[in-house]
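Containing compact mmCIF, C-alpha atoms: final.txt.
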```txt
# COMPACT_ATOMS: atom_id res chain seq x y z
CA MET A 1 171.36 198.26 114.01
CA THR A 2 170.56 199.04 110.38
CA LEU A 3 167.62 201.21 109.46
CA VAL A 4 165.70 199.67 106.56
CA ILE A 5 163.69 202.13 104.45
CA PRO A 6 160.87 200.64 102.35
CA ARG A 7 161.36 200.65 98.60
CA ARG A 8 158.55 203.15 97.96
CA ARG A 9 159.96 205.56 100.49
CA ARG A 10 163.45 205.26 99.00
CA ALA A 11 162.02 206.04 95.58
CA PHE A 12 160.18 209.02 97.06
CA PHE A 13 163.39 210.50 98.45
CA ARG A 14 165.35 209.72 95.29
CA ALA A 15 162.77 211.61 93.27
CA GLY A 16 163.55 214.70 95.38
CA TRP A 17 160.08 215.20 96.84
CA GLY A 18 161.01 214.13 100.32
CA ARG A 19 164.05 216.39 100.38
CA GLN A 20 161.99 219.29 99.10
CA LEU A 21 159.34 218.79 101.78
CA LEU A 22 161.98 218.70 104.51
CA LEU A 23 163.62 221.81 103.10
CA GLN A 24 160.33 223.68 102.85
CA ALA A 25 159.40 222.70 106.41
CA LEU A 26 162.77 223.94 107.65
CA LEU A 27 162.40 227.23 105.79
CA ILE A 28 158.88 227.73 107.13
CA PHE A 29 160.15 227.13 110.67
CA ILE A 30 163.02 229.62 110.21
CA SER A 31 160.67 232.21 108.68
CA PHE A 32 158.24 231.82 111.56
CA THR A 33 161.07 232.19 114.08
CA VAL A 34 162.25 235.40 112.42
CA LEU A 35 158.82 236.93 111.81
CA PHE A 36 157.19 236.06 115.14
CA PRO A 37 158.88 238.88 117.14
CA LEU A 38 158.00 241.36 114.39
CA LEU A 39 154.36 240.25 114.41
CA TRP A 40 154.31 240.70 118.16
CA VAL A 41 155.71 244.24 117.85
CA VAL A 42 153.12 245.18 115.21
CA SER A 43 150.31 243.68 117.31
CA MET A 44 151.40 245.59 120.43
CA SER A 45 151.63 248.86 118.49
CA LEU A 46 147.95 248.45 117.58
CA ASP A 47 146.86 247.56 121.15
CA PRO A 48 145.16 250.52 122.89
CA ARG A 49 145.21 248.81 126.31
CA ASN A 50 147.85 250.11 128.71
CA ILE A 51 148.95 246.71 129.97
CA SER A 52 151.73 246.59 132.55
CA ARG A 53 153.49 243.67 130.89
CA PRO A 54 153.04 242.04 127.45
CA THR A 55 152.15 238.39 128.04
CA GLU A 56 150.01 237.40 125.05
CA LEU A 57 150.00 237.72 121.28
CA THR A 58 146.83 238.62 119.43
CA LEU A 59 147.43 239.60 115.84
CA ILE A 60 144.45 241.96 115.95
CA PRO A 61 144.05 243.08 119.59
CA PRO A 62 140.68 244.27 120.97
CA GLY A 63 139.94 247.82 119.87
CA ALA A 64 142.97 247.92 117.56
CA SER A 65 143.83 251.41 116.36
CA LEU A 66 146.68 253.57 115.07
CA GLN A 67 146.46 255.96 118.02
CA ALA A 68 149.89 254.91 119.30
CA TYR A 69 151.50 256.14 116.06
CA VAL A 70 149.64 259.44 116.36
CA ASP A 71 150.77 259.81 119.97
CA VAL A 72 154.39 259.15 119.08
CA VAL A 73 154.38 261.75 116.31
CA GLU A 74 152.55 264.32 118.45
CA HIS A 75 154.89 263.53 121.38
CA PRO A 76 152.53 263.38 124.38
CA THR A 77 155.28 263.05 127.03
CA SER A 78 156.90 265.36 129.56
CA ASN A 79 160.30 264.94 127.87
CA PRO A 80 161.13 267.98 125.70
CA VAL A 81 162.64 265.86 122.92
CA SER A 82 160.28 264.55 120.22
CA LEU A 83 160.72 261.50 118.02
CA PRO A 84 161.37 263.65 114.89
CA GLN A 85 164.19 265.42 116.78
CA LEU A 86 165.67 262.09 117.88
CA ALA A 87 165.39 260.78 114.31
CA PHE A 88 167.03 263.93 112.94
CA ASN A 89 169.97 263.53 115.34
CA SER A 90 170.40 259.84 114.49
CA LEU A 91 170.05 260.22 110.72
CA GLY A 92 172.37 263.23 110.60
CA LEU A 93 174.99 261.45 112.66
CA ALA A 94 174.56 258.25 110.62
CA ALA A 95 175.14 260.16 107.39
CA GLY A 96 178.24 261.85 108.80
CA VAL A 97 179.76 258.61 110.13
CA SER A 98 178.98 256.78 106.88
CA LEU A 99 180.66 259.42 104.75
CA GLY A 100 183.61 259.77 107.15
CA SER A 101 184.31 256.05 107.40
CA LEU A 102 183.84 255.65 103.64
CA GLY A 103 186.15 258.53 102.70
CA LEU A 104 188.96 257.50 105.04
CA GLY A 105 188.36 253.79 104.50
CA ILE A 106 188.56 253.77 100.70
CA LEU A 107 191.74 255.85 100.68
CA ALA A 108 193.40 253.58 103.24
CA ALA A 109 192.11 250.46 101.46
CA TYR A 110 193.54 251.67 98.14
CA ALA A 111 196.92 252.31 99.75
CA PHE A 112 196.97 248.84 101.34
CA SER A 113 195.90 247.22 98.07
CA ARG A 114 198.19 249.00 95.61
CA PHE A 115 201.30 250.09 97.52
CA HIS A 116 203.95 248.16 99.40
CA PHE A 117 205.42 250.00 102.38
CA PRO A 118 207.09 249.07 105.67
CA ALA A 119 204.83 247.47 108.31
CA ARG A 120 202.03 247.05 105.76
CA ARG A 121 201.28 243.50 106.85
CA ALA A 122 201.51 244.41 110.54
CA LEU A 123 199.05 247.26 110.08
CA MET A 124 196.56 245.01 108.30
CA LEU A 125 196.81 242.48 111.12
CA ALA A 126 196.24 245.31 113.60
CA ILE A 127 193.07 246.29 111.74
CA VAL A 128 191.83 242.69 111.90
CA ALA A 129 192.62 242.64 115.63
CA VAL A 130 190.57 245.79 116.17
CA LEU A 131 187.63 244.13 114.39
CA MET A 132 187.76 241.31 116.92
CA VAL A 133 187.59 243.62 119.95
CA PRO A 134 184.07 244.50 121.20
CA SER A 135 183.30 248.17 120.68
CA VAL A 136 182.38 248.60 124.34
CA ALA A 137 186.02 247.82 125.24
CA ALA A 138 187.02 251.22 123.81
CA LEU A 139 184.33 253.07 125.76
CA ALA A 140 186.49 254.21 128.69
CA PRO A 141 189.55 255.34 126.64
CA LEU A 142 187.37 257.25 124.18
CA PHE A 143 185.43 258.86 127.04
CA VAL A 144 188.66 260.15 128.63
CA MET A 145 190.21 261.30 125.35
CA LEU A 146 187.14 263.16 124.08
CA ASN A 147 186.43 264.65 127.50
CA LYS A 148 189.82 266.40 127.46
CA VAL A 149 188.80 268.48 124.43
CA GLN A 150 187.16 271.47 126.14
CA ILE A 151 186.71 274.91 124.58
CA ASN A 152 185.75 277.85 126.78
CA SER A 153 185.49 281.28 125.18
CA GLY A 154 183.39 283.83 126.99
CA ASP A 155 179.83 282.58 127.06
CA PHE A 156 180.66 279.76 124.65
CA SER A 157 181.52 276.37 126.13
CA PHE A 158 182.02 273.19 124.14
CA ASN A 159 182.99 269.73 125.29
CA LEU A 160 183.73 267.24 122.52
CA ARG A 161 182.67 264.26 124.60
CA ASN A 162 179.26 265.73 125.39
CA SER A 163 178.28 266.31 121.76
CA LEU A 164 177.08 264.53 118.64
CA LEU A 165 180.44 265.31 117.03
CA GLY A 166 182.26 263.39 119.75
CA VAL A 167 179.94 260.41 119.44
CA GLY A 168 180.41 260.58 115.66
CA LEU A 169 184.20 260.41 116.01
CA ALA A 170 183.90 257.47 118.41
CA LEU A 171 181.57 255.58 116.07
CA THR A 172 183.75 256.37 113.05
CA SER A 173 186.69 254.77 114.84
CA GLY A 174 184.57 251.64 115.22
CA ALA A 175 183.31 251.57 111.62
CA LEU A 176 186.64 252.41 109.97
CA PRO A 177 188.40 249.03 110.43
CA PHE A 178 185.50 247.22 108.74
CA ALA A 179 185.50 249.76 105.91
CA ILE A 180 189.24 249.37 105.31
CA TRP A 181 189.22 245.58 105.41
CA ASN A 182 186.15 245.18 103.22
CA LEU A 183 187.14 247.76 100.61
CA LYS A 184 190.71 246.48 100.48
CA GLY A 185 189.41 243.04 99.57
CA TYR A 186 187.15 244.52 96.92
CA ILE A 187 189.90 246.68 95.36
CA ASP A 188 192.18 243.63 95.21
CA THR A 189 189.77 242.13 92.66
CA ILE A 190 190.13 245.12 90.29
CA PRO A 191 192.93 244.60 87.71
CA LYS A 192 195.80 247.06 88.07
CA GLU A 193 196.04 247.19 84.28
CA LEU A 194 192.93 249.39 84.18
CA GLU A 195 194.69 252.09 86.18
CA ASP A 196 197.90 251.68 84.16
CA ALA A 197 195.94 252.19 80.94
CA ALA A 198 194.23 255.27 82.38
CA MET A 199 197.57 256.77 83.44
CA VAL A 200 199.01 256.08 80.00
CA ASP A 201 196.12 258.13 78.61
CA GLY A 202 197.18 261.07 80.79
CA LEU A 203 195.43 260.61 84.14
CA THR A 204 197.31 260.95 87.39
CA ARG A 205 197.31 258.17 89.97
CA PHE A 206 194.58 259.95 91.94
CA GLY A 207 192.61 260.60 88.75
CA ALA A 208 192.74 256.91 87.83
CA PHE A 209 191.59 256.08 91.35
CA LEU A 210 188.58 258.41 91.09
CA ARG A 211 187.58 257.51 87.53
CA MET A 212 188.38 253.79 87.46
CA VAL A 213 188.53 252.28 90.95
CA VAL A 214 185.71 254.17 92.67
CA PRO A 215 183.00 253.50 90.02
CA ILE A 216 183.88 249.80 89.88
CA SER A 217 183.78 249.56 93.70
CA VAL A 218 180.17 250.74 94.03
CA SER A 219 179.01 247.47 95.61
CA GLY A 220 181.75 247.58 98.22
CA ILE A 221 181.07 251.26 98.88
CA LEU A 222 177.36 250.61 99.44
CA THR A 223 178.24 247.79 101.82
CA VAL A 224 180.34 250.13 103.95
CA VAL A 225 177.66 252.84 103.89
CA ILE A 226 174.88 250.46 104.92
CA PHE A 227 177.00 248.90 107.66
CA SER A 228 178.00 252.30 109.08
CA PHE A 229 174.46 253.65 108.80
CA THR A 230 173.06 250.63 110.65
CA LEU A 231 175.77 250.84 113.31
CA VAL A 232 174.88 254.44 114.15
CA THR A 233 171.09 254.22 114.04
CA GLN A 234 171.17 251.26 116.43
CA GLU A 235 173.70 252.84 118.78
CA PHE A 236 172.83 252.89 122.48
CA VAL A 237 175.87 252.52 124.77
CA TYR A 238 178.03 255.33 123.36
CA ALA A 239 175.12 257.75 123.08
CA LEU A 240 173.95 256.98 126.61
CA THR A 241 177.45 257.32 128.09
CA PHE A 242 178.70 260.37 126.21
CA ILE A 243 175.72 262.67 125.67
CA SER A 244 173.98 264.49 128.51
CA PRO A 245 171.74 267.14 126.85
CA GLU A 246 168.38 265.62 125.94
CA SER A 247 168.26 267.69 122.76
CA ASN A 248 171.31 265.81 121.43
CA GLN A 249 170.08 262.32 122.23
CA MET A 250 169.65 259.64 119.58
CA VAL A 251 166.76 257.31 118.80
CA GLY A 252 168.18 254.30 120.67
CA VAL A 253 168.42 256.23 123.93
CA GLY A 254 165.35 258.41 123.48
CA ILE A 255 162.74 255.81 122.50
CA PRO A 256 162.22 254.44 126.07
CA ILE A 257 160.67 257.79 127.08
CA PHE A 258 157.53 256.68 125.22
CA LEU A 259 157.07 253.64 127.49
CA VAL A 260 156.53 254.96 131.01
CA ARG A 261 154.52 258.05 131.91
CA GLY A 262 153.95 258.24 135.61
CA ASP A 263 152.70 254.84 136.79
CA VAL A 264 151.27 253.79 133.41
CA TYR A 265 153.03 251.67 130.79
CA PHE A 266 152.43 252.55 127.13
CA TRP A 267 153.73 249.52 125.27
CA GLY A 268 151.83 250.54 122.16
CA SER A 269 153.67 253.86 121.93
CA LEU A 270 157.04 252.17 122.51
CA MET A 271 156.44 249.60 119.78
CA ALA A 272 155.14 252.23 117.37
CA ALA A 273 158.25 254.35 117.96
CA CYS A 274 160.47 251.31 117.33
CA LEU A 275 158.73 250.51 114.05
CA ILE A 276 158.93 254.11 112.85
CA ALA A 277 162.62 254.30 113.77
CA SER A 278 163.38 251.09 111.86
CA LEU A 279 161.90 252.34 108.58
CA PRO A 280 165.07 254.07 107.22
CA ILE A 281 167.16 250.91 107.68
CA ALA A 282 164.46 248.71 106.14
CA VAL A 283 164.20 250.99 103.10
CA LEU A 284 167.98 251.17 102.71
CA TYR A 285 168.42 247.40 102.83
CA ASN A 286 165.60 246.75 100.38
CA LEU A 287 166.90 249.30 97.87
CA PHE A 288 170.48 248.02 97.83
CA LEU A 289 170.18 244.40 99.02
CA ASP A 290 171.76 242.82 95.93
CA ARG A 291 174.72 245.19 95.87
CA PHE A 292 175.14 244.84 99.64
CA ILE A 293 175.42 241.05 99.41
CA ALA A 294 177.81 241.25 96.45
CA GLY A 295 180.06 243.81 98.13
CA PHE A 296 180.08 242.00 101.46
CA THR A 297 180.95 238.58 100.05
CA VAL A 298 183.61 239.79 97.62
CA GLY A 299 185.28 242.09 100.12
CA SER A 300 185.26 239.52 102.90
CA ILE A 301 186.98 236.61 101.13
CA LYS A 302 189.89 238.35 99.42
```
Represent the structure from my file as structure tokens, please.
Amino acid sequence: MTLVIPRRRRAFFRAGWGRQLLLQALLIFISFTVLFPLLWVVSMSLDPRNISRPTELTLIPPGASLQAYVDVVEHPTSNPVSLPQLAFNSLGLAAGVSLGSLGLGILAAYAFSRFHFPARRALMLAIVAVLMVPSVAALAPLFVMLNKVQINSGDFSFNLRNSLLGVGLALTSGALPFAIWNLKGYIDTIPKELEDAAMVDGLTRFGAFLRMVVPISVSGILTVVIFSFTLVTQEFVYALTFISPESNQMVGVGIPIFLVRGDVYFWGSLMAACLIASLPIAVLYNLFLDRFIAGFTVGSIK
């Protein structure tokens, strides 16, 4: 059976208007799908009613107010940890993991890109294999390994597993393969002649790396930093499994304390805490979005 399209309609599509309308309708649908959950979260954060379960969406709920945001900042719960403390733990750990994975990753990426050594190809394949493994698969081995690091000296007792440092090492091990693979692809695009010219002018190999390769790789570096920062601030499983002291908890684990207080559900406080916690990532992405896209695409295809 052949579909016959009238002449006027064929002319309409040939002129591009029909295709544009279809494209715009598709984009509107996708935008609505993406924004709808966010609108719901914002609406619930403004809802002063302590409903047991969110079942409806009203963009401006009855009696809308910013009291939930005030409550979250003032911390009206029985838990001793406040949202600023949780945010401080998460942001500090995110900065440490980002810098650690970047420092180790760019050095390893440069070595893979510029030097030829035994088992180089096998090591790169191993890094790709690690990227394919879910991070939760390494949970048990990391738990056992970090738990064995115990320091007892008089009144001082330290367990690496039960600390932010231990979680940071575990998360760095997860972010490092991506950093190496992405930065290696980016460094491959930089001509070696630039470093040769710099070394002819008197720079050492490491000096040429710092003064030539690193500045040119800014887009790839920002990609690794944003990826690592996002990985840590959204972390839940490792923080929940490793850390026991409430004072060391991170945002992902600590935010649920704002939901239930006794027999009452405070969905507004939970949603307000989620929105506040998402601000650093939103700001980071908006500031460096162009460089992030450039670094991610270049580093991923080489």
Kindly assemble as a tab-separated table a list of the stretch 114-225 of chain A residues that lie within 12 Å of stretch 98-104 of chain A, each paired with its nearest atom pair and their distance in Å to one decimal, using all atoms listed in the file, sorted first by chain and then by ascending residue number.
```
residue	atom	partner	partner_atom	distance
A:Leu165	CA	A:Gly100	CA	11.8
A:Gly168	CA	A:Gly100	CA	9.1
A:Leu169	CA	A:Gly100	CA	8.9
A:Ala170	CA	A:Ser101	CA	11.1
A:Leu171	CA	A:Ser101	CA	9.1
A:Thr172	CA	A:Ser101	CA	5.7
A:Ser173	CA	A:Ser101	CA	7.9
A:Gly174	CA	A:Ser101	CA	9.0
A:Ala175	CA	A:Ser101	CA	6.2
A:Leu176	CA	A:Ser101	CA	5.0
A:Pro177	CA	A:Ser101	CA	8.7
A:Phe178	CA	A:Ser101	CA	9.0
A:Ala179	CA	A:Leu102	CA	6.5
A:Ile180	CA	A:Leu104	CA	8.1
A:Trp181	CA	A:Leu102	CA	11.6
A:Asn182	CA	A:Leu102	CA	10.7
A:Leu183	CA	A:Leu102	CA	9.1
A:Lys184	CA	A:Leu102	CA	11.9
A:Leu210	CA	A:Gly103	CA	11.9
A:Val214	CA	A:Gly103	CA	10.9
A:Ser217	CA	A:Leu102	CA	11.7
A:Val218	CA	A:Leu102	CA	11.4
A:Gly220	CA	A:Leu102	CA	9.9
A:Ile221	CA	A:Leu102	CA	7.0
A:Leu222	CA	A:Leu102	CA	9.2
A:Thr223	CA	A:Leu102	CA	9.8
A:Val224	CA	A:Leu102	CA	6.5
A:Val225	CA	A:Ser98	CA	5.1
```
- So what do you get for atom CA of A:Ser65 versus atom CA of A:Ile276, distance-wise? 15.7 Å
- Message: My list of candidates is A:Ile226, A:Leu83, A:Pro118, A:Phe242. Which is closest to A:Ala140 when distances are computed with all atoms listed in the file?
- Response: A:Phe242
- Counting all atoms listed in the file, the option among A:Leu203, A:Leu142, A:Pro245, A:Ser228 closest to A:Leu284: A:Ser228
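Distances here use only C-alpha atoms; by that measure, the residue among A:Leu27, A:Leu123, A:Ala64, A:Val232 closest to A:Gly96 is A:Val232.
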- Compile the contact shell of stretch 87-94 of chain A as a ChimeraX atom specification: residues with an atom at most 6 Å away, counting only C-alpha atoms, same-chain residues fewer than 5 positions apart removed. /A:229,232-233,250-251
Limited to C-alpha atoms, could you put the picked residues into a file as a PDB file, in the frame of the given file?
```pdb
ATOM      1  CA  PHE A 229     174.460 253.650 108.800  1.00  0.00           C
ATOM      2  CA  VAL A 232     174.880 254.440 114.150  1.00  0.00           C
ATOM      3  CA  THR A 233     171.090 254.220 114.040  1.00  0.00           C
ATOM      4  CA  MET A 250     169.650 259.640 119.580  1.00  0.00           C
ATOM      5  CA  VAL A 251     166.760 257.310 118.800  1.00  0.00           C
TER       6      VAL A 251
END
```
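Among the candidate residues A:Val41, A:Met212, A:Val70, A:Ala109, the one lying nearest to A:Glu56 is A:Val41, with distances computed using only C-alpha atoms.
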- Task: For A:Arg211, list every protein, DNA or RNA residue within 12 Å, evaluated using only C-alpha atoms, and leave out those in the same chain fewer than 6 positions away; present the list as a PyMOL selection string.
- Result: chain A and resi 194-195+197-199+203-205+217-218
Keeping C-alpha atoms for every residue in the selection just given, could you write it to a file as a short mmCIF file (atom, residue, chain, number, x, y, z; two decimals), in the coordinates of the input?
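Now in part35.cif:
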```
data_model
loop_
_atom_site.label_atom_id
_atom_site.label_comp_id
_atom_site.auth_asym_id
_atom_site.auth_seq_id
_atom_site.Cartn_x
_atom_site.Cartn_y
_atom_site.Cartn_z
CA LEU A 194 192.93 249.39 84.18
CA GLU A 195 194.69 252.09 86.18
CA ALA A 197 195.94 252.19 80.94
CA ALA A 198 194.23 255.27 82.38
CA MET A 199 197.57 256.77 83.44
CA LEU A 203 195.43 260.61 84.14
CA THR A 204 197.31 260.95 87.39
CA ARG A 205 197.31 258.17 89.97
CA SER A 217 183.78 249.56 93.70
CA VAL A 218 180.17 250.74 94.03
#
```
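Nearest-residue note for A:Ile190: choosing from A:Asn159, A:Asn50, A:Ser278, A:Ser113, the minimum distance belongs to A:Ser113, counting only C-alpha atoms.
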- Best match for closeness to A:Gln67 among A:Gly202, A:Met145, A:Phe112, A:Gly268, counting all atoms listed in the file: A:Gly268
- Identify, on the basis of all atoms listed in the file, every residue whose closest approach to A:Ser45 does not exceed 7 Å; exclude the query and any residue fewer than 3 positions from it along the same chain; express the result as an MDAnalysis selection string. chainID A and resid 41:42 68 268:269 271:272
- Skip A:Ser43 itself and residues of its chain fewer than 5 positions away, then list as a ChimeraX atom specification all residues within 8 Å of it, counting all atoms listed in the file. /A:57-61
Just C-alpha atoms for this one: save the residues we selected as a PDB file, in the frame of the given file.
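The new file part-v2.pdb reads:
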```
ATOM      1  CA  LEU A  57     150.000 237.720 121.280  1.00  0.00           C
ATOM      2  CA  THR A  58     146.830 238.620 119.430  1.00  0.00           C
ATOM      3  CA  LEU A  59     147.430 239.600 115.840  1.00  0.00           C
ATOM      4  CA  ILE A  60     144.450 241.960 115.950  1.00  0.00           C
ATOM      5  CA  PRO A  61     144.050 243.080 119.590  1.00  0.00           C
TER       6      PRO A  61
END
```
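One finds atom CA of A:Ser247 at 16.2 Å from atom CA of A:Ser157.
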Output, as lines of an AutoDock Vina configuration file, the centre and edge lengths in Å (one decimal) of the axis-aligned box that contains all listed atoms of stretch 42-56 of chain A with 6 Å of margin on each side.
```
center_x = 149.3
center_y = 244.0
center_z = 123.9
size_x = 20.3
size_y = 25.1
size_z = 29.3
```
Take stretch 43-65 of chain A from the block and save it with C-alpha atoms, as a PDB file, in the first residue's frame.
```pdb
ATOM      1  CA  SER A  43       6.592  22.994  44.097  1.00  0.00           C
ATOM      2  CA  MET A  44       6.978  20.550  46.995  1.00  0.00           C
ATOM      3  CA  SER A  45       9.699  22.675  48.585  1.00  0.00           C
ATOM      4  CA  LEU A  46       7.202  25.559  48.724  1.00  0.00           C
ATOM      5  CA  ASP A  47       4.354  23.419  50.139  1.00  0.00           C
ATOM      6  CA  PRO A  48       3.863  24.017  53.892  1.00  0.00           C
ATOM      7  CA  ARG A  49       1.488  21.038  54.261  1.00  0.00           C
ATOM      8  CA  ASN A  50       3.013  17.971  55.898  1.00  0.00           C
ATOM      9  CA  ILE A  51       1.499  15.454  53.500  1.00  0.00           C
ATOM     10  CA  SER A  52       2.317  11.782  54.039  1.00  0.00           C
ATOM     11  CA  ARG A  53       2.839  11.108  50.345  1.00  0.00           C
ATOM     12  CA  PRO A  54       3.199  13.457  47.338  1.00  0.00           C
ATOM     13  CA  THR A  55       0.404  12.622  44.903  1.00  0.00           C
ATOM     14  CA  GLU A  56      -0.337  15.887  43.088  1.00  0.00           C
ATOM     15  CA  LEU A  57       1.511  18.723  41.384  1.00  0.00           C
ATOM     16  CA  THR A  58       0.486  22.307  41.970  1.00  0.00           C
ATOM     17  CA  LEU A  59       3.040  24.800  40.747  1.00  0.00           C
ATOM     18  CA  ILE A  60       2.020  27.234  43.490  1.00  0.00           C
ATOM     19  CA  PRO A  61       0.687  25.135  46.399  1.00  0.00           C
ATOM     20  CA  PRO A  62      -1.784  26.584  48.947  1.00  0.00           C
ATOM     21  CA  GLY A  63       0.007  28.798  51.459  1.00  0.00           C
ATOM     22  CA  ALA A  64       3.303  28.583  49.558  1.00  0.00           C
ATOM     23  CA  SER A  65       6.267  29.845  51.560  1.00  0.00           C
TER      24      SER A  65
END
```
